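Dropping my_file_1.tsv in here (TSV, C-alpha atoms):
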```tsv
chain	number	residue	atom	x	y	z
W	27	GLU	CA	76.73	76.85	116.08
W	28	LYS	CA	75.17	76.15	119.47
W	29	GLY	CA	78.51	76.84	121.10
W	30	ARG	CA	78.71	80.18	119.33
W	31	GLY	CA	75.38	81.14	120.88
W	32	PHE	CA	76.61	80.38	124.39
W	33	TYR	CA	79.93	82.10	123.67
W	34	THR	CA	78.16	85.24	122.46
W	35	GLY	CA	76.02	85.37	125.57
W	36	LYS	CA	78.66	84.55	128.17
W	37	CYS	CA	82.14	85.23	126.78
W	38	ALA	CA	82.07	87.77	123.95
W	39	GLY	CA	81.67	90.72	126.30
W	40	CYS	CA	85.27	90.27	127.48
W	41	HIS	CA	86.94	88.21	124.77
W	42	GLY	CA	85.35	89.89	121.74
W	43	LYS	CA	82.70	88.59	119.38
W	44	ASP	CA	85.42	87.09	117.18
W	45	ALA	CA	87.47	85.80	120.17
W	46	HIS	CA	90.35	88.15	119.34
W	47	GLY	CA	90.13	89.86	122.71
W	48	GLY	CA	88.79	92.98	124.33
W	49	GLU	CA	88.90	93.47	128.08
W	50	GLY	CA	89.89	89.80	128.22
W	51	PRO	CA	92.72	88.03	126.36
W	52	ASP	CA	92.84	87.13	122.67
W	53	LEU	CA	91.78	83.47	122.68
W	54	TYR	CA	93.72	82.76	119.49
W	55	LYS	CA	96.83	83.30	121.61
W	56	SER	CA	95.57	81.79	124.85
W	57	ARG	CA	97.65	78.96	126.27
W	58	VAL	CA	94.51	77.54	127.87
W	59	VAL	CA	92.82	77.26	124.48
W	60	LEU	CA	95.79	76.26	122.34
W	61	ALA	CA	97.88	74.06	124.59
W	62	SER	CA	95.75	72.71	127.42
W	63	SER	CA	93.73	69.54	127.35
W	64	GLY	CA	90.04	69.78	126.59
W	65	ARG	CA	89.40	69.07	130.26
W	66	GLY	CA	91.49	72.08	131.30
W	67	LEU	CA	89.57	74.39	128.98
W	68	LEU	CA	86.23	73.07	130.23
W	69	SER	CA	87.31	73.72	133.80
W	70	VAL	CA	88.22	77.33	132.99
W	71	ILE	CA	84.92	77.91	131.17
W	72	GLN	CA	82.84	76.48	133.99
W	73	ASN	CA	84.83	77.54	137.05
W	74	GLY	CA	86.82	80.56	135.91
W	75	ILE	CA	90.38	81.17	137.13
W	76	GLN	CA	90.74	81.84	140.82
W	77	GLY	CA	92.58	85.05	141.65
W	78	SER	CA	91.96	86.52	138.20
W	79	GLU	CA	89.22	88.53	136.50
W	80	MET	CA	87.99	85.37	134.74
W	81	PRO	CA	84.73	84.43	136.53
W	82	PRO	CA	82.73	81.19	136.33
W	83	SER	CA	80.50	81.25	133.25
W	84	GLY	CA	77.41	79.77	134.85
W	85	LEU	CA	77.20	77.20	132.04
W	86	ASP	CA	76.67	73.52	132.75
W	87	ALA	CA	79.02	70.78	131.53
W	88	LYS	CA	77.28	70.21	128.19
W	89	GLU	CA	77.03	73.92	127.43
W	90	SER	CA	80.71	74.36	128.31
W	91	GLU	CA	81.61	71.54	125.93
W	92	LEU	CA	79.76	73.36	123.15
W	93	VAL	CA	81.66	76.58	123.87
W	94	ALA	CA	84.96	74.66	123.85
W	95	ALA	CA	84.02	73.06	120.51
W	96	TYR	CA	83.26	76.50	119.08
W	97	LEU	CA	86.58	77.92	120.30
W	98	TYR	CA	88.47	74.97	118.85
W	99	SER	CA	86.70	75.47	115.51
W	100	LEU	CA	88.13	79.00	115.46
W	101	THR	CA	91.58	78.53	116.92
W	102	ARG	CA	92.42	74.90	116.10
W	103	PRO	CA	90.60	74.27	112.81
W	104	GLY	CA	92.68	71.17	112.06
W	105	LEU	CA	90.75	69.32	114.75
W	106	GLY	CA	87.43	69.74	112.96
W	107	ALA	CA	85.54	67.27	110.81
W	108	PRO	CA	86.53	67.14	107.11
W	109	VAL	CA	84.78	69.58	104.81
W	110	GLU	CA	82.23	67.98	102.51
W	111	GLY	CA	83.26	67.55	98.88
W	112	ASP	CA	85.58	65.55	96.64
W	113	PRO	CA	89.24	66.31	97.48
W	114	ALA	CA	90.52	64.58	94.32
W	115	ALA	CA	88.25	66.72	92.14
W	116	GLY	CA	89.33	69.73	94.20
W	117	ARG	CA	92.98	69.00	93.42
W	118	GLN	CA	92.11	69.18	89.72
W	119	VAL	CA	90.30	72.49	90.26
W	120	PHE	CA	93.38	73.78	92.08
W	121	ALA	CA	95.54	72.92	89.06
W	122	GLN	CA	93.11	74.00	86.34
W	123	ALA	CA	92.32	77.33	87.97
W	124	GLY	CA	96.03	78.17	88.04
W	125	CYS	CA	96.36	78.18	91.84
W	126	SER	CA	99.62	76.23	91.70
W	127	ARG	CA	101.32	79.04	89.77
W	128	CYS	CA	101.36	81.13	92.95
W	129	HIS	CA	100.75	78.67	95.80
W	130	MET	CA	102.72	75.68	96.94
W	131	VAL	CA	101.25	72.44	98.29
W	132	GLY	CA	103.54	69.67	99.46
W	133	GLY	CA	106.65	71.30	98.01
W	134	GLN	CA	105.21	71.84	94.54
W	135	GLY	CA	103.97	75.10	93.05
W	136	GLY	CA	104.85	78.78	93.08
W	137	ALA	CA	105.90	81.04	95.92
W	138	LEU	CA	104.24	84.34	95.01
W	139	GLY	CA	101.35	83.54	97.38
W	140	PRO	CA	101.30	81.82	100.79
W	141	ASP	CA	102.29	78.15	101.06
W	142	LEU	CA	99.06	76.16	101.50
W	143	SER	CA	100.64	72.88	102.61
W	144	SER	CA	99.15	73.16	106.12
W	145	VAL	CA	96.52	75.82	105.50
W	146	ALA	CA	93.75	73.89	107.31
W	147	LEU	CA	95.81	73.83	110.51
W	148	ARG	CA	95.82	77.62	110.49
W	149	LEU	CA	92.52	78.65	108.93
W	150	SER	CA	88.94	77.49	109.27
W	151	SER	CA	87.07	76.45	106.13
W	152	ALA	CA	85.12	79.72	106.34
W	153	ARG	CA	88.37	81.71	106.32
W	154	ILE	CA	89.73	79.66	103.42
W	155	ARG	CA	86.53	80.28	101.47
W	156	GLN	CA	86.79	84.01	102.13
W	157	ALA	CA	90.42	84.01	101.01
W	158	ILE	CA	89.35	82.48	97.68
W	159	LEU	CA	86.37	84.73	97.05
W	160	GLU	CA	87.61	87.94	98.73
W	161	PRO	CA	91.42	87.78	98.61
W	162	GLY	CA	91.76	91.43	99.57
W	163	ALA	CA	89.83	91.05	102.83
W	164	THR	CA	92.92	89.81	104.70
W	165	ILE	CA	96.40	89.89	103.20
W	166	ALA	CA	98.89	87.50	104.76
W	167	GLU	CA	102.05	88.89	106.32
W	168	GLY	CA	104.86	88.97	103.78
W	169	TYR	CA	102.54	89.24	100.78
W	170	ARG	CA	101.72	92.95	100.75
W	171	THR	CA	101.31	94.37	97.24
W	172	VAL	CA	103.78	96.96	96.05
W	173	THR	CA	104.13	98.83	92.74
W	174	VAL	CA	107.27	100.70	91.68
W	175	LYS	CA	108.59	102.57	88.64
W	176	THR	CA	112.28	103.13	88.06
W	177	ARG	CA	114.06	106.05	86.44
W	178	ALA	CA	114.69	103.78	83.47
W	179	GLY	CA	110.93	103.39	83.00
W	180	ARG	CA	110.66	99.86	84.35
W	181	GLU	CA	107.38	99.15	86.19
W	182	ILE	CA	107.12	96.28	88.66
W	183	THR	CA	104.19	95.04	90.71
W	184	GLY	CA	104.65	92.18	93.12
W	185	ALA	CA	104.75	91.00	96.71
W	186	LEU	CA	106.91	93.03	99.08
W	187	LYS	CA	109.31	90.67	100.84
W	188	ASN	CA	111.79	93.02	102.46
W	189	GLU	CA	112.48	96.75	102.62
W	190	ASP	CA	114.75	99.15	104.44
W	191	ASN	CA	115.80	102.78	104.03
W	192	PHE	CA	117.84	102.00	100.95
W	193	SER	CA	116.29	99.08	99.05
W	194	LEU	CA	113.27	96.91	98.40
W	195	GLN	CA	113.01	93.22	97.63
W	196	ILE	CA	109.97	92.29	95.54
W	197	MET	CA	108.78	88.90	94.30
W	198	GLN	CA	107.34	89.24	90.81
W	199	SER	CA	104.53	87.28	89.17
W	200	ASN	CA	107.12	85.01	87.50
W	201	ASN	CA	108.32	83.98	91.00
W	202	GLU	CA	111.61	85.82	90.49
W	203	TYR	CA	112.98	88.47	92.83
W	204	ALA	CA	113.76	92.08	92.00
W	205	LEU	CA	116.20	93.88	94.32
W	206	LEU	CA	115.78	97.63	93.82
W	207	ASP	CA	117.63	100.68	95.08
W	208	ARG	CA	115.20	103.29	96.44
W	209	ALA	CA	117.29	106.07	94.87
W	210	GLU	CA	116.42	104.69	91.43
W	211	LEU	CA	112.65	104.80	91.99
W	212	THR	CA	110.36	107.53	90.70
W	213	LYS	CA	107.18	105.88	92.00
W	214	LEU	CA	106.47	103.71	95.03
W	215	THR	CA	102.94	102.76	96.11
W	216	TYR	CA	101.38	100.10	98.29
W	217	PRO	CA	97.96	99.29	96.77
W	218	PRO	CA	95.48	98.05	99.41
W	219	THR	CA	94.65	95.06	97.23
W	220	SER	CA	95.80	91.47	96.92
W	221	LEU	CA	97.83	90.14	94.01
W	222	MET	CA	95.38	87.24	93.88
W	223	PRO	CA	92.55	87.71	91.34
W	224	ASP	CA	89.12	88.31	92.85
W	225	HIS	CA	87.09	86.65	90.08
W	226	TYR	CA	86.98	83.07	91.36
W	227	GLY	CA	83.43	83.54	92.62
W	228	ASP	CA	82.40	83.99	88.99
W	229	ARG	CA	84.80	81.47	87.43
W	230	LEU	CA	84.12	78.52	89.75
W	231	SER	CA	80.83	76.67	89.94
W	232	ALA	CA	79.39	75.96	93.38
W	233	ALA	CA	80.48	72.31	93.04
W	234	ASP	CA	84.03	73.26	91.98
W	235	LEU	CA	84.34	75.69	94.88
W	236	GLN	CA	83.15	73.08	97.37
W	237	ASN	CA	85.56	70.49	96.01
W	238	LEU	CA	88.41	73.01	96.13
W	239	LEU	CA	87.56	73.71	99.78
W	240	ALA	CA	87.54	69.97	100.45
W	241	PHE	CA	91.02	69.63	98.91
W	242	LEU	CA	92.45	72.57	100.86
W	243	ASP	CA	90.80	71.36	104.06
W	244	ARG	CA	92.80	68.11	103.79
W	245	GLN	CA	96.05	70.08	103.97
W	246	ARG	CA	96.54	69.55	107.69
W	247	ALA	CA	99.93	67.86	107.98
W	248	PRO	CA	102.57	69.92	109.81
W	249	PHE	CA	105.46	70.84	107.54
W	250	LEU	CA	108.65	72.84	107.37
W	251	LYS	CA	107.74	76.07	105.62
W	252	PHE	CA	109.42	76.55	102.25
W	253	GLU	CA	111.21	79.84	101.87
W	254	ASN	CA	112.39	81.06	98.48
W	255	THR	CA	115.26	83.27	99.61
W	256	PHE	CA	117.35	85.82	97.75
W	257	SER	CA	120.92	86.46	98.73
W	258	THR	CA	123.43	89.01	97.55
W	259	TYR	CA	127.03	89.39	98.54
```
Could you render the structure as structure tokens?
Amino acid sequence: EKGRGFYTGKCAGCHGKDAHGGEGPDLYKSRVVLASSGRGLLSVIQNGIQGSEMPPSGLDAKESELVAAYLYSLTRPGLGAPVEGDPAAGRQVFAQAGCSRCHMVGGQGGALGPDLSSVALRLSSARIRQAILEPGATIAEGYRTVTVKTRAGREITGALKNEDNFSLQIMQSNNEYALLDRAELTKLTYPPTSLMPDHYGDRLSAADLQNLLAFLDRQRAPFLKFENTFSTY
């Protein structure tokens, strides 16, 4: 939090208040932030980059460390301290709330929603919390909602996986694919909503939500992403 204050005062004017860039680069994609050692980032914060538009910040060593910690909390969340709560109880909440029907963890679960096996390497606990309580705020790539109706009267709503000028590939709520010819469709819409229910803020107690966050925060191990693919010949 202290680092955010220094960032807002010294860095946000160029790199954006959310660090996604403005006149300066997007720090979520910055090699200095993502790949360099902590010492390299501190040097850039304090001393700037000679020959570029990145000036010295005017911050001392301790203040620069706080800014670096704040940037890492945004862009490298897997380096942060564990979220408070009971991960074992959170695993039970994950199962009882039906999350595993759509989300996979460690190779088990559904594929309608994003694989959460390494979610804490990609998202901060605040972003994970928002995804649970406000699933429509940010929809992950590859999980856009689509609704279609065919000439035969069949209605399908699911996650759009692939589309071209002739066909669409949709994953349905039963985790099965539907491959549809555009010429057979009488209705095609892309609702600006998520397939994930938005009622978990009402269904989960504060303790259950915290434990669920603790469980998801422990999902930091790198993994090979599971892809449920559909092929036709």
Selected residue of minimal separation from W:Ser90 among W:Ala107, W:Gly31, W:Ser199, W:Gln118, counting all atoms listed in the file
W:Gly31
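Atom pair atom CA of W:Phe192 / atom CA of W:Leu214: separated by 12.9 Å.
Across W:Asp44, W:Asp190, W:Glu89, W:Glu160, the tightest approach to W:Pro223 is made by W:Glu160 when counting only C-alpha atoms.
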Which polymer residues, whether protein, DNA or RNA, lie within 8 Å of the coordinate (101.9, 66.3, 104.4) when you count all atoms listed in the file? List them as a ChimeraX atom specification, using the chain letters and numbers from the file.
/W:132,143-144,245-249
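Distances here use only C-alpha atoms; by that measure, the residue among W:Thr101, W:Ala45, W:Phe32, W:Ala123 closest to W:Leu85 is W:Phe32.
Using all atoms listed in the file, the contacts of stretch 48-59 of chain W at a cut-off of 8 Å, with sequence neighbours closer than 4 positions omitted, comprise Gly39, Cys40, His41, Gly42, Gly66, Leu67, Leu97, Tyr98, Leu100 and Thr101 of chain W.
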Counting all atoms listed in the file, which residue out of W:Ala115, W:Ile75, W:Ala185, W:Val174 sits closest to W:Leu138?
W:Ala185
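Non-sequential neighbours of W:Arg127 (distance at most 7 Å, separation of 3 or more positions within a chain, only C-alpha atoms) are W:Gly124, W:Gly135, W:Gly136.
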Export of the given selection (C-alpha atoms) as an mmCIF file, in the frame of the given file:
```cif
data_model
loop_
_atom_site.group_PDB
_atom_site.id
_atom_site.type_symbol
_atom_site.label_atom_id
_atom_site.label_comp_id
_atom_site.auth_asym_id
_atom_site.auth_seq_id
_atom_site.Cartn_x
_atom_site.Cartn_y
_atom_site.Cartn_z
ATOM 1 C CA GLY W 124 96.030 78.170 88.040
ATOM 2 C CA GLY W 135 103.970 75.100 93.050
ATOM 3 C CA GLY W 136 104.850 78.780 93.080
#
```
Just the residues within 10 Å of W:Arg102, please, counting only C-alpha atoms, with nothing from its chain fewer than 2 positions along; format it as a PDB file with C-alpha atoms, in the coordinates of the input.
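Result went into around_9.pdb, see below:
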```
ATOM      1  CA  TYR W  54      93.720  82.760 119.490  1.00  0.00           C
ATOM      2  CA  VAL W  59      92.820  77.260 124.480  1.00  0.00           C
ATOM      3  CA  LEU W  60      95.790  76.260 122.340  1.00  0.00           C
ATOM      4  CA  ALA W  95      84.020  73.060 120.510  1.00  0.00           C
ATOM      5  CA  TYR W  96      83.260  76.500 119.080  1.00  0.00           C
ATOM      6  CA  LEU W  97      86.580  77.920 120.300  1.00  0.00           C
ATOM      7  CA  TYR W  98      88.470  74.970 118.850  1.00  0.00           C
ATOM      8  CA  SER W  99      86.700  75.470 115.510  1.00  0.00           C
ATOM      9  CA  LEU W 100      88.130  79.000 115.460  1.00  0.00           C
ATOM     10  CA  GLY W 104      92.680  71.170 112.060  1.00  0.00           C
ATOM     11  CA  LEU W 105      90.750  69.320 114.750  1.00  0.00           C
ATOM     12  CA  GLY W 106      87.430  69.740 112.960  1.00  0.00           C
ATOM     13  CA  ALA W 146      93.750  73.890 107.310  1.00  0.00           C
ATOM     14  CA  LEU W 147      95.810  73.830 110.510  1.00  0.00           C
ATOM     15  CA  ARG W 148      95.820  77.620 110.490  1.00  0.00           C
ATOM     16  CA  LEU W 149      92.520  78.650 108.930  1.00  0.00           C
ATOM     17  CA  SER W 150      88.940  77.490 109.270  1.00  0.00           C
TER      18      SER W 150
END
```
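When the distance limit is 12 Å and only C-alpha atoms are what count, the residues near W:Ala204, minus those fewer than 4 positions from it on the same chain, are W:Val172, W:Thr173, W:Val174, W:Thr176, W:Arg180, W:Glu181, W:Ile182, W:Thr183, W:Gly184, W:Ala185, W:Leu186, W:Lys187, W:Asn188, W:Glu189, W:Ser193, W:Leu194, W:Gln195, W:Ile196, W:Met197, W:Gln198, W:Ser199, W:Asn200, W:Thr255, W:Phe256, W:Ser257, W:Thr258.
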Using only C-alpha atoms, can you tell me which of W:Gln134, W:Asn201, W:Thr171, W:Gln236 comes closest to W:Gly116?
W:Gln236
Could you give me, as a ChimeraX atom specification, the residues within 9 Å of W:Leu238, counting only C-alpha atoms and dropping anything in the same chain fewer than 4 positions from it?
/W:111-120,233-234,242-243
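For the point (101.2, 76.8, 101.5), the residues with an atom at a distance of at most 8 Å are His129, Met130, Val131, Gly132, Gly139, Pro140, Asp141, Leu142, Ser143, Ser144, Val145 and Lys251 of chain W, counting only C-alpha atoms.
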Given the selection you just returned, output its residues as a file containing C-alpha atoms, formatted as a compact mmCIF listing (two decimals), keeping the file's coordinate frame.
```txt
# COMPACT_ATOMS: atom_id res chain seq x y z
CA HIS W 129 100.75 78.67 95.80
CA MET W 130 102.72 75.68 96.94
CA VAL W 131 101.25 72.44 98.29
CA GLY W 132 103.54 69.67 99.46
CA GLY W 139 101.35 83.54 97.38
CA PRO W 140 101.30 81.82 100.79
CA ASP W 141 102.29 78.15 101.06
CA LEU W 142 99.06 76.16 101.50
CA SER W 143 100.64 72.88 102.61
CA SER W 144 99.15 73.16 106.12
CA VAL W 145 96.52 75.82 105.50
CA LYS W 251 107.74 76.07 105.62
```
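Atom CA of W:Phe241 to atom CA of W:Ala121 spans 11.3 Å [interatomic distance, one decimal].
The coordinates place atom CA of W:Leu221 at 8.3 Å from atom CA of W:Gly162.
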